[in-house]
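Below you'll find the structure, written out as structure tokens, and then a few comments.
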There are 2 protein chains.
Amino acid sequence: MSLPNKHYGELKDSYLFFNIAQKVKKYQTEHPDKKMYRLGIGDVSLPLCDAVIKALHKGVDDQANKDSFHGYMPECGAPFLREKIAEYYNKRGIDITAEEAFVSSGASDELGDIIDMFDRNTSVLIMEPAYPAYVDANVMAGKKIYHLPTSSDEGFLPTPKSAEKEGIKADVIYICSPNNPTGAVYTKAGLKEWVDYANTNGSVILFDAAYEAFIEDDSLPKSIFEIEGARTCAIEICSLSKTAGFTGTRLGYTVIPKTLERDGMNFNAMWVRNRTTKTNGVSYIIQVGGAAVFTDEGQKQIHENINIYKNNAKVIMEALDAVGIWYCGGKNAPYVWMKCPDGMGSWEFFDYLLENIQVIGTPGEGFGKCGEGYFRFSSFGSPEDTKEAAERIKNLLKK
Amino acid sequence: MSLPNKHYGELKDSYLFFNIAQKVKKYQTEHPDKKMYRLGIGDVSLPLCDAVIKALHKGVDDQANKDSFHGYMPECGAPFLREKIAEYYNKRGIDITAEEAFVSSGASDELGDIIDMFDRNTSVLIMEPAYPAYVDANVMAGKKIYHLPTSSDEGFLPTPKSAEKEGIKADVIYICSPNNPTGAVYTKAGLKEWVDYANTNGSVILFDAAYEAFIEDDSLPKSIFEIEGARTCAIEICSLSKTAGFTGTRLGYTVIPKTLERDGMNFNAMWVRNRTTKTNGVSYIIQVGGAAVFTDEGQKQIHENINIYKNNAKVIMEALDAVGIWYCGGKNAPYVWMKCPDGMGSWEFFDYLLENIQVIGTPGEGFGKCGEGYFRFSSFGSPEDTKEAAERIKNLLKK
């Protein structure tokens, strides 16, 4: 009898953000007069927009009165919100119904839970560098994990050919586009290759679209369901965290087409069963707030905030352009992924920026081995700090 | 390659509440002039109390301003709330630290998630009649399930001796006290037997304390951690759903002592790892609202609501007493579990009440086979309807 899930013992401890915090703390103690410029953070800094705040207050007021009070919510999401999400897709010409849109507490929660629908012996493909939780959640589930490393040669956007070259044939394929940490975005043709590959092999794609709202180039796909064939091989996981500043307010959604089946089992029906057994739905108040994001007023206001972040990214990119450094991302994503100069390692460059110009970023190595020699800047800081940081980067790195 | 989790195919469809809804709908269509008295519902009907509403509005306001805005929350819960929860235990003389109290989105969500910490080959013991999700979540995980039926002979409170008599030796033991659906509550001595049994056999108890706030008899344990030895064998899952009317607002908490270990693995540390990998914490706004429940003002207000529900239970019990019907629960629980009169079956009695006096309850059979011949009334309806329903029950069943 072995009672605890032994796979927890196989997890590697992640010291990435802990190490960053320690290094920054040490530096600050030794240099109490220096101001720090934080471009490492993956969290938003702007408050929720007015439309959402008003809706949240209304949600709270509803819970104060007997006639408007809401008890248990439908487990798969409030119909008023599921319909708004479906509309959001329909407006872009994507055929999704309200019953295919599930409300969640956020993408990270959903990415952890959704693994439950797959057989314990399924294998997963994770393209690296990657969001560390993809790997950890699958280690905990005891899944066979194939790591597919990528590089600047393919613009950090691996193709099924790379997987085949490595001899990988996985049941579940994680794709994050726009990507965290690289900011790289698949074209429609690039995604089509993965959709065809999944349909041919009977794989299922878990498509993380958390940064879709940052895409400004209309030719790039914001949803995998823009790709023909995706309705028979993909699940899309999305979040209002970065789209509308909900990192601490918590709301997301997941699209599971009714046409997604494997071995005679229907994933939409399985997820309904999962939610009705394992949850009692998401807070009514938060769902009312979330629905406001999808109104015309809400969309206008959240894009004002997104534009502030996108302008931060532009400021960082201009600095890197000025000193001739290779990077990807930034244009259609909140992250800029740069090659460290002069062959420096990720941590070496981290120390170099901290000690010389007090700018804090994230060493690429923290997202997987192939991230070594790269560095991530986030655009979620304040415009003032980002401007000053960019100026300092430019002055430090110019030859 | 079998991609979907095949255990989903082993789930039995639950028609309990669907069948109830169908029968009620049919009756109403045929008798449009009749008013229905709903004592079946397990959901609360009173709005959130003032202290909570004020706090929720403050939480929303905080998210509207840059200086008070909260991004990502600590995954295991906001320190301000974890401390309040620990205090709630400490005031009752129970030694729990803030780091042992985890914030959740509610008990049902947590009961689904927490199974992840146990090895796939663990077995579970479920005392029946039971909350159906206990069984379903374990079917989905492919666990070996031992059903331990109980009866009025032991007051619907089975002992380890019953388990031994049935030859059951399980790794994980579910205990719900006050019980849903029976309303039965373990004494300290009764719980101590299970704690000793778990410590002797190396089992872990999952203690569902969702109805603890309804206990008025001070000699009965509200927490398993009132029992000596529980810190080395138990996890307690609690909820504000019934305590403070949070069924649609969503908040709960889970206590995992740092002293709970099996096979060299520490469950508190495992749950920290689970939460940090698979969630980004609970909504800041809801946690601010939840913290207000634990203030003096909040406690006073929620107990005013609980007393309204408890008075409903009293009214139902008085009616059953008047006609000499056996029941348990009601006094320290929001549910009254009665024996159907004249040897009627659960569904037969359901139809009898619906057709004769338009009172709706829940057939005991829906909570497991041994619930056949029993019937559950809930005290969460309105006082007016409960009074009228009780009067009708009394008149119908008096000889």
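Chains: A, B, ... in order of the structure tokens. Residues: from 1 per chain. Ligands: from 1, in order shown.
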>> Please list as a list in words every residue within 6 Å of Ser105 in chain A, counting only C-alpha atoms and excluding residues in the same chain fewer than 3 positions away.
In response: Arg250, Leu251 and Gly252 of chain A
Keeping only C-alpha atoms, write the selected residues to a file as a PDB file, in the first residue's frame.
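Here's the written file out27.pdb:
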```pdb
ATOM      1  CA  ARG A 250      -9.791  35.056 -11.717  1.00  0.00           C
ATOM      2  CA  LEU A 251     -11.837  34.137 -14.758  1.00  0.00           C
ATOM      3  CA  GLY A 252     -11.191  32.164 -17.888  1.00  0.00           C
TER       4      GLY A 252
END
```
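Close contacts of Asn312 in chain A, defined as residues with an atom at most 7 Å away when counting only C-alpha atoms, with chain neighbours fewer than 6 positions off set aside, comprise Ser379, Pro383 and Thr386 of chain A.
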>> I need the residues of range 319-381 of chain B that end up classed as helix (DSSP H, G or I) by DSSP on the backbone, written out as a ChimeraX atom specification.
In response: /B:319-322,341-343,346-357,364-367,369-371
Could you take the residues named above and write them with N, CA and C atoms, as a PDB file, in the first residue's frame?
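Written out: result16.pdb:
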```
ATOM      1  N   ALA B 319     -43.356  18.579  13.351  1.00  0.00           N
ATOM      2  CA  ALA B 319     -44.432  17.921  12.585  1.00  0.00           C
ATOM      3  C   ALA B 319     -44.246  16.407  12.608  1.00  0.00           C
ATOM      4  N   LEU B 320     -42.992  15.957  12.418  1.00  0.00           N
ATOM      5  CA  LEU B 320     -42.739  14.509  12.405  1.00  0.00           C
ATOM      6  C   LEU B 320     -42.956  13.903  13.792  1.00  0.00           C
ATOM      7  N   ASP B 321     -42.549  14.641  14.827  1.00  0.00           N
ATOM      8  CA  ASP B 321     -42.792  14.188  16.206  1.00  0.00           C
ATOM      9  C   ASP B 321     -44.295  14.016  16.452  1.00  0.00           C
ATOM     10  N   ALA B 322     -45.060  14.985  15.952  1.00  0.00           N
ATOM     11  CA  ALA B 322     -46.513  14.971  16.201  1.00  0.00           C
ATOM     12  C   ALA B 322     -47.180  13.735  15.608  1.00  0.00           C
ATOM     13  N   PRO B 341     -43.322   6.522   5.940  1.00  0.00           N
ATOM     14  CA  PRO B 341     -44.343   5.827   6.738  1.00  0.00           C
ATOM     15  C   PRO B 341     -44.903   4.594   6.012  1.00  0.00           C
ATOM     16  N   ASP B 342     -45.398   3.663   6.778  1.00  0.00           N
ATOM     17  CA  ASP B 342     -46.125   2.489   6.249  1.00  0.00           C
ATOM     18  C   ASP B 342     -45.314   1.686   5.237  1.00  0.00           C
ATOM     19  N   GLY B 343     -43.993   1.642   5.432  1.00  0.00           N
ATOM     20  CA  GLY B 343     -43.153   0.839   4.542  1.00  0.00           C
ATOM     21  C   GLY B 343     -43.072   1.341   3.115  1.00  0.00           C
ATOM     22  N   SER B 346     -38.910   5.234  -1.182  1.00  0.00           N
ATOM     23  CA  SER B 346     -38.542   6.657  -1.284  1.00  0.00           C
ATOM     24  C   SER B 346     -39.322   7.395  -2.364  1.00  0.00           C
ATOM     25  N   TRP B 347     -39.388   6.774  -3.529  1.00  0.00           N
ATOM     26  CA  TRP B 347     -40.062   7.450  -4.662  1.00  0.00           C
ATOM     27  C   TRP B 347     -41.575   7.421  -4.511  1.00  0.00           C
ATOM     28  N   GLU B 348     -42.036   6.341  -3.893  1.00  0.00           N
ATOM     29  CA  GLU B 348     -43.472   6.230  -3.636  1.00  0.00           C
ATOM     30  C   GLU B 348     -43.909   7.366  -2.711  1.00  0.00           C
ATOM     31  N   PHE B 349     -43.102   7.600  -1.657  1.00  0.00           N
ATOM     32  CA  PHE B 349     -43.418   8.661  -0.705  1.00  0.00           C
ATOM     33  C   PHE B 349     -43.280  10.043  -1.364  1.00  0.00           C
ATOM     34  N   PHE B 350     -42.299  10.170  -2.270  1.00  0.00           N
ATOM     35  CA  PHE B 350     -42.142  11.427  -3.010  1.00  0.00           C
ATOM     36  C   PHE B 350     -43.444  11.749  -3.749  1.00  0.00           C
ATOM     37  N   ASP B 351     -43.957  10.759  -4.499  1.00  0.00           N
ATOM     38  CA  ASP B 351     -45.189  10.966  -5.270  1.00  0.00           C
ATOM     39  C   ASP B 351     -46.370  11.269  -4.342  1.00  0.00           C
ATOM     40  N   TYR B 352     -46.404  10.554  -3.222  1.00  0.00           N
ATOM     41  CA  TYR B 352     -47.497  10.707  -2.252  1.00  0.00           C
ATOM     42  C   TYR B 352     -47.559  12.156  -1.728  1.00  0.00           C
ATOM     43  N   LEU B 353     -46.403  12.698  -1.372  1.00  0.00           N
ATOM     44  CA  LEU B 353     -46.354  14.083  -0.871  1.00  0.00           C
ATOM     45  C   LEU B 353     -46.686  15.076  -1.986  1.00  0.00           C
ATOM     46  N   LEU B 354     -46.112  14.849  -3.159  1.00  0.00           N
ATOM     47  CA  LEU B 354     -46.326  15.775  -4.277  1.00  0.00           C
ATOM     48  C   LEU B 354     -47.816  15.830  -4.622  1.00  0.00           C
ATOM     49  N   GLU B 355     -48.422  14.662  -4.778  1.00  0.00           N
ATOM     50  CA  GLU B 355     -49.807  14.621  -5.265  1.00  0.00           C
ATOM     51  C   GLU B 355     -50.815  15.072  -4.219  1.00  0.00           C
ATOM     52  N   ASN B 356     -50.544  14.777  -2.959  1.00  0.00           N
ATOM     53  CA  ASN B 356     -51.521  15.105  -1.917  1.00  0.00           C
ATOM     54  C   ASN B 356     -51.343  16.482  -1.300  1.00  0.00           C
ATOM     55  N   ILE B 357     -50.080  16.883  -1.071  1.00  0.00           N
ATOM     56  CA  ILE B 357     -49.911  18.162  -0.355  1.00  0.00           C
ATOM     57  C   ILE B 357     -48.907  19.092  -1.030  1.00  0.00           C
ATOM     58  N   GLY B 364     -34.499   9.290  -0.454  1.00  0.00           N
ATOM     59  CA  GLY B 364     -33.242   8.833   0.138  1.00  0.00           C
ATOM     60  C   GLY B 364     -32.448   7.904  -0.764  1.00  0.00           C
ATOM     61  N   GLU B 365     -33.136   7.159  -1.608  1.00  0.00           N
ATOM     62  CA  GLU B 365     -32.497   6.214  -2.511  1.00  0.00           C
ATOM     63  C   GLU B 365     -31.468   6.909  -3.416  1.00  0.00           C
ATOM     64  N   GLY B 366     -31.680   8.205  -3.672  1.00  0.00           N
ATOM     65  CA  GLY B 366     -30.756   8.960  -4.520  1.00  0.00           C
ATOM     66  C   GLY B 366     -29.362   9.107  -3.925  1.00  0.00           C
ATOM     67  N   PHE B 367     -29.218   8.801  -2.636  1.00  0.00           N
ATOM     68  CA  PHE B 367     -27.916   8.930  -1.966  1.00  0.00           C
ATOM     69  C   PHE B 367     -27.258   7.570  -1.726  1.00  0.00           C
ATOM     70  N   LYS B 369     -28.128   2.937  -2.184  1.00  0.00           N
ATOM     71  CA  LYS B 369     -29.180   1.917  -2.034  1.00  0.00           C
ATOM     72  C   LYS B 369     -29.771   1.867  -0.634  1.00  0.00           C
ATOM     73  N   CYS B 370     -28.907   2.024   0.397  1.00  0.00           N
ATOM     74  CA  CYS B 370     -29.413   1.880   1.765  1.00  0.00           C
ATOM     75  C   CYS B 370     -30.262   3.078   2.187  1.00  0.00           C
ATOM     76  N   GLY B 371     -30.372   4.071   1.289  1.00  0.00           N
ATOM     77  CA  GLY B 371     -31.256   5.207   1.567  1.00  0.00           C
ATOM     78  C   GLY B 371     -32.700   4.908   1.170  1.00  0.00           C
TER      79      GLY B 371
END
```
>> Counting only C-alpha atoms, which residue out of B:Gly324, B:Gly264, B:Pro129, B:Pro181 sits closest to chain A?
In response: B:Gly264
> Within 10 Å of Ile360 in chain B, counting only C-alpha atoms, which residues qualify if same-chain residues fewer than 6 places away don't, as an NGL selection string?
Replying inline: :B and (20-21 or 24 or 36-41 or 350-354 or 376-378 or 389)
> Which polymer residues have any atom within 9 Å of an atom of Lys387 in chain B, counting only C-alpha atoms, with same-chain residues fewer than 5 positions away left out, as an NGL selection string?
Replying inline: :B and (312 or 315-316 or 382 or 392)
Hey, can you spit out that residue selection with C-alpha atoms as a compact mmCIF listing (two decimals), in the first residue's frame?
```
# COMPACT_ATOMS: atom_id res chain seq x y z
CA ASN B 312 -37.13 25.66 9.78
CA VAL B 315 -40.69 23.16 12.49
CA ILE B 316 -40.21 20.04 10.33
CA SER B 382 -38.33 30.11 3.30
CA ARG B 392 -49.57 19.79 5.58
```
>> With only C-alpha atoms as the counted atoms, please give the residues lying no more than 12 Å from Asp153 in chain B, apart from itself and same-chain residues fewer than 4 positions off, as a PyMOL selection string.
In response: chain B and resi 149+157-159+162+326-328
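Nearest residue to Leu46 in chain A among B:Tyr27, B:Phe156, B:Tyr131, B:Phe69 is B:Phe69, counting only C-alpha atoms.
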